[in-house]
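Data from protein_20.txt: compact mmCIF, N, CA and C atoms
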# COMPACT_ATOMS: atom_id res chain seq x y z
N MET A 1 -25.55 11.76 -96.07
CA MET A 1 -24.90 11.41 -94.82
C MET A 1 -24.52 12.67 -94.05
N ARG A 2 -23.91 13.64 -94.72
CA ARG A 2 -23.51 14.88 -94.07
C ARG A 2 -24.73 15.70 -93.66
N GLY A 3 -25.78 15.66 -94.47
CA GLY A 3 -27.00 16.39 -94.14
C GLY A 3 -27.67 15.86 -92.88
N ARG A 4 -27.62 14.53 -92.70
CA ARG A 4 -28.20 13.94 -91.50
C ARG A 4 -27.44 14.37 -90.25
N ARG A 5 -26.12 14.45 -90.36
CA ARG A 5 -25.30 14.85 -89.22
C ARG A 5 -25.61 16.29 -88.83
N ILE A 6 -25.73 17.16 -89.80
CA ILE A 6 -26.05 18.56 -89.52
C ILE A 6 -27.44 18.66 -88.89
N PHE A 7 -28.38 17.90 -89.42
CA PHE A 7 -29.74 17.90 -88.86
C PHE A 7 -29.73 17.41 -87.41
N ARG A 8 -28.96 16.36 -87.14
CA ARG A 8 -28.87 15.83 -85.78
C ARG A 8 -28.26 16.85 -84.82
N VAL A 9 -27.21 17.54 -85.26
CA VAL A 9 -26.57 18.55 -84.42
C VAL A 9 -27.55 19.69 -84.15
N LEU A 10 -28.27 20.14 -85.17
CA LEU A 10 -29.25 21.21 -84.98
C LEU A 10 -30.37 20.78 -84.05
N LYS A 11 -30.78 19.51 -84.14
CA LYS A 11 -31.82 19.00 -83.28
C LYS A 11 -31.35 18.98 -81.81
N VAL A 12 -30.12 18.56 -81.57
CA VAL A 12 -29.57 18.55 -80.21
C VAL A 12 -29.47 19.96 -79.67
N VAL A 13 -29.00 20.90 -80.49
CA VAL A 13 -28.89 22.30 -80.06
C VAL A 13 -30.26 22.86 -79.71
N ALA A 14 -31.26 22.54 -80.52
CA ALA A 14 -32.62 23.02 -80.25
C ALA A 14 -33.16 22.43 -78.94
N ILE A 15 -32.91 21.15 -78.70
CA ILE A 15 -33.36 20.52 -77.46
C ILE A 15 -32.68 21.15 -76.25
N VAL A 16 -31.39 21.44 -76.35
CA VAL A 16 -30.66 22.07 -75.24
C VAL A 16 -31.22 23.46 -74.96
N ILE A 17 -31.49 24.23 -76.01
CA ILE A 17 -32.04 25.58 -75.84
C ILE A 17 -33.42 25.52 -75.19
N VAL A 18 -34.27 24.61 -75.65
CA VAL A 18 -35.60 24.47 -75.07
C VAL A 18 -35.51 24.04 -73.61
N ALA A 19 -34.61 23.09 -73.31
CA ALA A 19 -34.46 22.61 -71.93
C ALA A 19 -33.99 23.74 -71.02
N PHE A 20 -33.00 24.53 -71.46
CA PHE A 20 -32.53 25.65 -70.65
C PHE A 20 -33.65 26.66 -70.43
N THR A 21 -34.43 26.91 -71.46
CA THR A 21 -35.52 27.87 -71.34
C THR A 21 -36.57 27.38 -70.34
N VAL A 22 -36.97 26.13 -70.48
CA VAL A 22 -37.99 25.57 -69.58
C VAL A 22 -37.49 25.55 -68.14
N PHE A 23 -36.27 25.02 -67.93
CA PHE A 23 -35.74 24.97 -66.57
C PHE A 23 -35.48 26.36 -66.00
N GLY A 24 -35.09 27.29 -66.86
CA GLY A 24 -34.89 28.66 -66.41
C GLY A 24 -36.17 29.30 -65.93
N PHE A 25 -37.24 29.18 -66.73
CA PHE A 25 -38.52 29.74 -66.32
C PHE A 25 -39.10 29.01 -65.10
N LEU A 26 -38.94 27.70 -65.05
CA LEU A 26 -39.41 26.93 -63.90
C LEU A 26 -38.68 27.38 -62.62
N THR A 27 -37.35 27.50 -62.70
CA THR A 27 -36.58 27.95 -61.54
C THR A 27 -36.95 29.37 -61.14
N THR A 28 -37.11 30.25 -62.14
CA THR A 28 -37.47 31.64 -61.85
C THR A 28 -38.81 31.71 -61.11
N HIS A 29 -39.81 31.01 -61.63
CA HIS A 29 -41.14 31.08 -61.03
C HIS A 29 -41.19 30.41 -59.65
N LEU A 30 -40.52 29.27 -59.50
CA LEU A 30 -40.50 28.63 -58.19
C LEU A 30 -39.77 29.50 -57.16
N TRP A 31 -38.64 30.04 -57.56
CA TRP A 31 -37.88 30.90 -56.64
C TRP A 31 -38.71 32.12 -56.24
N ASN A 32 -39.26 32.80 -57.26
CA ASN A 32 -40.01 34.03 -56.98
C ASN A 32 -41.30 33.77 -56.21
N TYR A 33 -41.83 32.57 -56.29
CA TYR A 33 -43.05 32.24 -55.54
C TYR A 33 -42.72 31.87 -54.09
N LEU A 34 -41.63 31.11 -53.89
CA LEU A 34 -41.34 30.58 -52.56
C LEU A 34 -40.35 31.40 -51.74
N MET A 35 -39.22 31.75 -52.31
CA MET A 35 -38.12 32.29 -51.52
C MET A 35 -38.39 33.66 -50.88
N PRO A 36 -38.99 34.61 -51.58
CA PRO A 36 -39.24 35.88 -50.91
C PRO A 36 -40.18 35.76 -49.71
N SER A 37 -41.21 34.95 -49.83
CA SER A 37 -42.15 34.83 -48.72
C SER A 37 -41.61 33.97 -47.58
N LEU A 38 -40.82 32.95 -47.89
CA LEU A 38 -40.31 32.06 -46.85
C LEU A 38 -39.08 32.63 -46.14
N PHE A 39 -38.14 33.17 -46.93
CA PHE A 39 -36.85 33.55 -46.36
C PHE A 39 -36.53 35.03 -46.54
N GLY A 40 -37.41 35.78 -47.15
CA GLY A 40 -37.16 37.21 -47.34
C GLY A 40 -36.09 37.51 -48.37
N LEU A 41 -35.86 36.61 -49.31
CA LEU A 41 -34.85 36.83 -50.35
C LEU A 41 -35.44 37.61 -51.50
N ARG A 42 -34.57 38.20 -52.30
CA ARG A 42 -35.04 38.96 -53.46
C ARG A 42 -35.48 38.02 -54.59
N THR A 43 -36.23 38.58 -55.53
CA THR A 43 -36.67 37.78 -56.67
C THR A 43 -35.52 37.66 -57.68
N LEU A 44 -35.64 36.64 -58.55
CA LEU A 44 -34.63 36.38 -59.57
C LEU A 44 -35.14 36.76 -60.95
N THR A 45 -34.20 37.13 -61.82
CA THR A 45 -34.53 37.28 -63.24
C THR A 45 -34.28 35.95 -63.92
N PHE A 46 -34.67 35.84 -65.17
CA PHE A 46 -34.46 34.61 -65.92
C PHE A 46 -32.98 34.27 -65.99
N TRP A 47 -32.12 35.25 -66.28
CA TRP A 47 -30.69 34.98 -66.44
C TRP A 47 -30.04 34.62 -65.11
N GLN A 48 -30.52 35.17 -64.03
CA GLN A 48 -30.02 34.78 -62.72
C GLN A 48 -30.41 33.33 -62.42
N ALA A 49 -31.60 32.94 -62.83
CA ALA A 49 -32.03 31.56 -62.64
C ALA A 49 -31.17 30.60 -63.45
N ILE A 50 -30.85 30.98 -64.69
CA ILE A 50 -29.96 30.15 -65.51
C ILE A 50 -28.60 30.04 -64.83
N GLY A 51 -28.08 31.15 -64.31
CA GLY A 51 -26.81 31.12 -63.60
C GLY A 51 -26.87 30.23 -62.37
N LEU A 52 -27.99 30.25 -61.67
CA LEU A 52 -28.18 29.40 -60.50
C LEU A 52 -28.19 27.92 -60.88
N ILE A 53 -28.82 27.60 -61.98
CA ILE A 53 -28.84 26.22 -62.47
C ILE A 53 -27.43 25.76 -62.82
N VAL A 54 -26.69 26.59 -63.55
CA VAL A 54 -25.32 26.23 -63.94
C VAL A 54 -24.44 26.09 -62.71
N LEU A 55 -24.56 27.00 -61.76
CA LEU A 55 -23.77 26.94 -60.53
C LEU A 55 -24.08 25.67 -59.74
N GLY A 56 -25.36 25.34 -59.63
CA GLY A 56 -25.74 24.12 -58.93
C GLY A 56 -25.20 22.88 -59.61
N ARG A 57 -25.21 22.89 -60.93
CA ARG A 57 -24.67 21.74 -61.68
C ARG A 57 -23.17 21.60 -61.45
N LEU A 58 -22.47 22.72 -61.46
CA LEU A 58 -21.03 22.68 -61.24
C LEU A 58 -20.69 22.23 -59.82
N LEU A 59 -21.42 22.74 -58.84
CA LEU A 59 -21.11 22.42 -57.45
C LEU A 59 -21.54 21.02 -57.04
N PHE A 60 -22.71 20.59 -57.48
CA PHE A 60 -23.27 19.34 -56.99
C PHE A 60 -23.34 18.23 -58.02
N GLY A 61 -23.28 18.56 -59.30
CA GLY A 61 -23.46 17.52 -60.30
C GLY A 61 -22.25 17.25 -61.15
N GLY A 62 -21.23 18.07 -61.05
CA GLY A 62 -20.07 17.87 -61.90
C GLY A 62 -20.32 18.39 -63.30
N ILE A 63 -19.41 18.11 -64.18
CA ILE A 63 -19.51 18.57 -65.57
C ILE A 63 -19.70 17.35 -66.45
N GLY A 64 -20.63 17.43 -67.36
CA GLY A 64 -20.87 16.33 -68.29
C GLY A 64 -21.97 15.41 -67.81
N PRO A 65 -22.54 14.65 -68.73
CA PRO A 65 -23.63 13.74 -68.37
C PRO A 65 -23.10 12.54 -67.60
N ARG A 66 -23.98 11.92 -66.82
CA ARG A 66 -23.64 10.73 -66.04
C ARG A 66 -24.49 9.58 -66.54
N PHE A 67 -23.85 8.60 -67.14
CA PHE A 67 -24.57 7.43 -67.63
C PHE A 67 -24.04 6.19 -66.95
N GLY A 68 -24.90 5.35 -66.44
CA GLY A 68 -24.49 4.07 -65.90
C GLY A 68 -23.89 4.11 -64.51
N GLY A 69 -24.09 5.14 -63.76
CA GLY A 69 -23.55 5.18 -62.40
C GLY A 69 -22.07 5.49 -62.38
N ALA A 70 -21.45 5.27 -61.24
CA ALA A 70 -20.04 5.56 -61.07
C ALA A 70 -19.21 4.38 -61.61
N PRO A 71 -18.39 4.61 -62.64
CA PRO A 71 -17.60 3.50 -63.18
C PRO A 71 -16.57 2.98 -62.19
N TRP A 72 -16.06 3.83 -61.30
CA TRP A 72 -15.06 3.36 -60.33
C TRP A 72 -15.66 2.35 -59.37
N ARG A 73 -16.95 2.47 -59.07
CA ARG A 73 -17.59 1.53 -58.16
C ARG A 73 -17.64 0.13 -58.76
N ARG A 74 -17.98 0.06 -60.03
CA ARG A 74 -18.03 -1.23 -60.72
C ARG A 74 -16.62 -1.83 -60.79
N HIS A 75 -15.64 -0.97 -61.08
CA HIS A 75 -14.25 -1.42 -61.17
C HIS A 75 -13.77 -1.96 -59.82
N MET A 76 -14.07 -1.24 -58.72
CA MET A 76 -13.64 -1.68 -57.40
C MET A 76 -14.36 -2.98 -57.00
N LYS A 77 -15.61 -3.14 -57.39
CA LYS A 77 -16.34 -4.37 -57.07
C LYS A 77 -15.69 -5.56 -57.77
N GLU A 78 -15.30 -5.37 -59.03
CA GLU A 78 -14.64 -6.44 -59.75
C GLU A 78 -13.30 -6.79 -59.11
N ARG A 79 -12.55 -5.77 -58.71
CA ARG A 79 -11.26 -6.03 -58.06
C ARG A 79 -11.47 -6.73 -56.71
N TRP A 80 -12.48 -6.31 -55.95
CA TRP A 80 -12.76 -6.90 -54.64
C TRP A 80 -13.10 -8.38 -54.78
N GLU A 81 -13.89 -8.71 -55.79
CA GLU A 81 -14.30 -10.10 -55.99
C GLU A 81 -13.12 -10.99 -56.38
N GLN A 82 -12.09 -10.41 -56.99
CA GLN A 82 -10.93 -11.19 -57.40
C GLN A 82 -9.90 -11.35 -56.28
N MET A 83 -10.06 -10.62 -55.17
CA MET A 83 -9.08 -10.69 -54.07
C MET A 83 -9.31 -11.94 -53.23
N THR A 84 -8.20 -12.43 -52.66
CA THR A 84 -8.29 -13.51 -51.69
C THR A 84 -8.68 -12.90 -50.34
N PRO A 85 -9.14 -13.72 -49.39
CA PRO A 85 -9.48 -13.16 -48.06
C PRO A 85 -8.30 -12.44 -47.40
N GLU A 86 -7.07 -12.93 -47.60
CA GLU A 86 -5.90 -12.26 -47.02
C GLU A 86 -5.69 -10.89 -47.65
N GLU A 87 -5.87 -10.80 -48.97
CA GLU A 87 -5.73 -9.52 -49.66
C GLU A 87 -6.81 -8.54 -49.22
N ARG A 88 -8.01 -9.04 -49.00
CA ARG A 88 -9.10 -8.17 -48.54
C ARG A 88 -8.80 -7.60 -47.16
N GLU A 89 -8.29 -8.45 -46.25
CA GLU A 89 -7.97 -7.98 -44.91
C GLU A 89 -6.82 -6.97 -44.96
N LYS A 90 -5.84 -7.21 -45.81
CA LYS A 90 -4.72 -6.26 -45.96
C LYS A 90 -5.24 -4.93 -46.50
N PHE A 91 -6.17 -4.98 -47.44
CA PHE A 91 -6.76 -3.76 -47.99
C PHE A 91 -7.53 -3.01 -46.90
N ARG A 92 -8.32 -3.74 -46.11
CA ARG A 92 -9.07 -3.11 -45.02
C ARG A 92 -8.14 -2.42 -44.03
N GLU A 93 -7.07 -3.09 -43.66
CA GLU A 93 -6.11 -2.49 -42.72
C GLU A 93 -5.49 -1.22 -43.30
N GLY A 94 -5.17 -1.26 -44.58
CA GLY A 94 -4.61 -0.06 -45.23
C GLY A 94 -5.60 1.09 -45.24
N MET A 95 -6.88 0.78 -45.49
CA MET A 95 -7.89 1.82 -45.49
C MET A 95 -8.13 2.36 -44.09
N ARG A 96 -8.08 1.51 -43.08
CA ARG A 96 -8.24 2.00 -41.71
C ARG A 96 -7.13 2.97 -41.35
N GLY A 97 -5.92 2.67 -41.81
CA GLY A 97 -4.80 3.57 -41.53
C GLY A 97 -4.95 4.90 -42.24
N ARG A 98 -5.51 4.90 -43.44
CA ARG A 98 -5.66 6.13 -44.20
C ARG A 98 -6.89 6.93 -43.79
N CYS A 99 -7.98 6.22 -43.54
CA CYS A 99 -9.26 6.89 -43.31
C CYS A 99 -9.63 7.02 -41.85
N GLY A 100 -8.79 6.56 -40.96
CA GLY A 100 -9.08 6.72 -39.54
C GLY A 100 -10.21 5.85 -39.07
N GLY A 101 -10.06 4.55 -39.23
CA GLY A 101 -11.08 3.62 -38.76
C GLY A 101 -11.12 3.58 -37.24
N PRO A 102 -11.81 2.61 -36.69
CA PRO A 102 -11.94 2.52 -35.23
C PRO A 102 -10.57 2.37 -34.58
N ARG A 103 -10.35 3.12 -33.52
CA ARG A 103 -9.07 3.08 -32.82
C ARG A 103 -9.32 2.75 -31.36
N ALA A 104 -8.25 2.30 -30.72
CA ALA A 104 -8.32 2.06 -29.28
C ALA A 104 -8.32 3.42 -28.59
N PRO A 105 -9.04 3.54 -27.47
CA PRO A 105 -9.07 4.84 -26.78
C PRO A 105 -7.67 5.19 -26.26
N GLU A 106 -7.35 6.47 -26.33
CA GLU A 106 -6.05 6.92 -25.84
C GLU A 106 -6.05 6.91 -24.31
N PRO A 107 -4.89 6.55 -23.71
CA PRO A 107 -4.84 6.50 -22.24
C PRO A 107 -4.93 7.90 -21.65
N GLU A 108 -5.51 7.95 -20.45
CA GLU A 108 -5.62 9.22 -19.73
C GLU A 108 -4.23 9.69 -19.32
N PRO A 109 -3.94 10.97 -19.43
CA PRO A 109 -2.64 11.45 -18.98
C PRO A 109 -2.53 11.34 -17.46
N ASN A 110 -1.34 11.00 -16.96
CA ASN A 110 -1.10 10.84 -15.53
C ASN A 110 -0.99 12.23 -14.90
N ARG A 111 -1.92 12.55 -14.04
CA ARG A 111 -1.95 13.90 -13.44
C ARG A 111 -1.34 13.91 -12.03
N GLY A 112 -1.02 12.79 -11.51
CA GLY A 112 -0.45 12.76 -10.17
C GLY A 112 -1.53 12.83 -9.12
N PRO A 113 -1.11 12.90 -7.83
CA PRO A 113 -2.11 12.90 -6.73
C PRO A 113 -2.89 14.20 -6.69
N ALA A 114 -4.15 14.09 -6.37
CA ALA A 114 -5.01 15.27 -6.25
C ALA A 114 -4.70 15.99 -4.94
N VAL A 115 -4.64 17.29 -4.99
CA VAL A 115 -4.34 18.08 -3.79
C VAL A 115 -5.58 18.72 -3.25
File written out as structure tokens:
Amino acid sequence: MRGRRIFRVLKVVAIVIVAFTVFGFLTTHLWNYLMPSLFGLRTLTFWQAIGLIVLGRLLFGGIGPRFGGAPWRRHMKERWEQMTPEEREKFREGMRGRCGGPRAPEPEPNRGPAV
């Protein structure tokens, strides 16, 4: 039982290392092929490409794997389906107040007679 767990952990570590290596070389080669000729940027090393992948993941993908979509969306859908029409309208009004929904146009300031 313990041997299987160690084997599984080693297998996951090996897959992660191979994936980082493949994506690193892929990013390096794509960057070095396209970016200098298109935008005049410098070429990247392998480690810079790995850093770029990690930075992109942190900025645009968050930390950790994403399985099954956004759980908050499913939770909100369930809550929405359980609301009465009056509760839904009250919720909409509250969101309009917070998020700046459609508003009536502001009146023009009174400037007095033109001279």
Please, what distance in Å, to one decimal, runs between atom N of Tyr33 (chain A) and CA of Leu52 (chain A)?
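Here the two named atoms are 14.6 Å from each other.
We find CA of Val22 (chain A) and CA of Leu10 (chain A) to be spaced 18.2 Å apart.
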Provide the CA of Leu44 (chain A) to CA of Val12 (chain A) distance in Å, to one decimal place.
27.7 Å
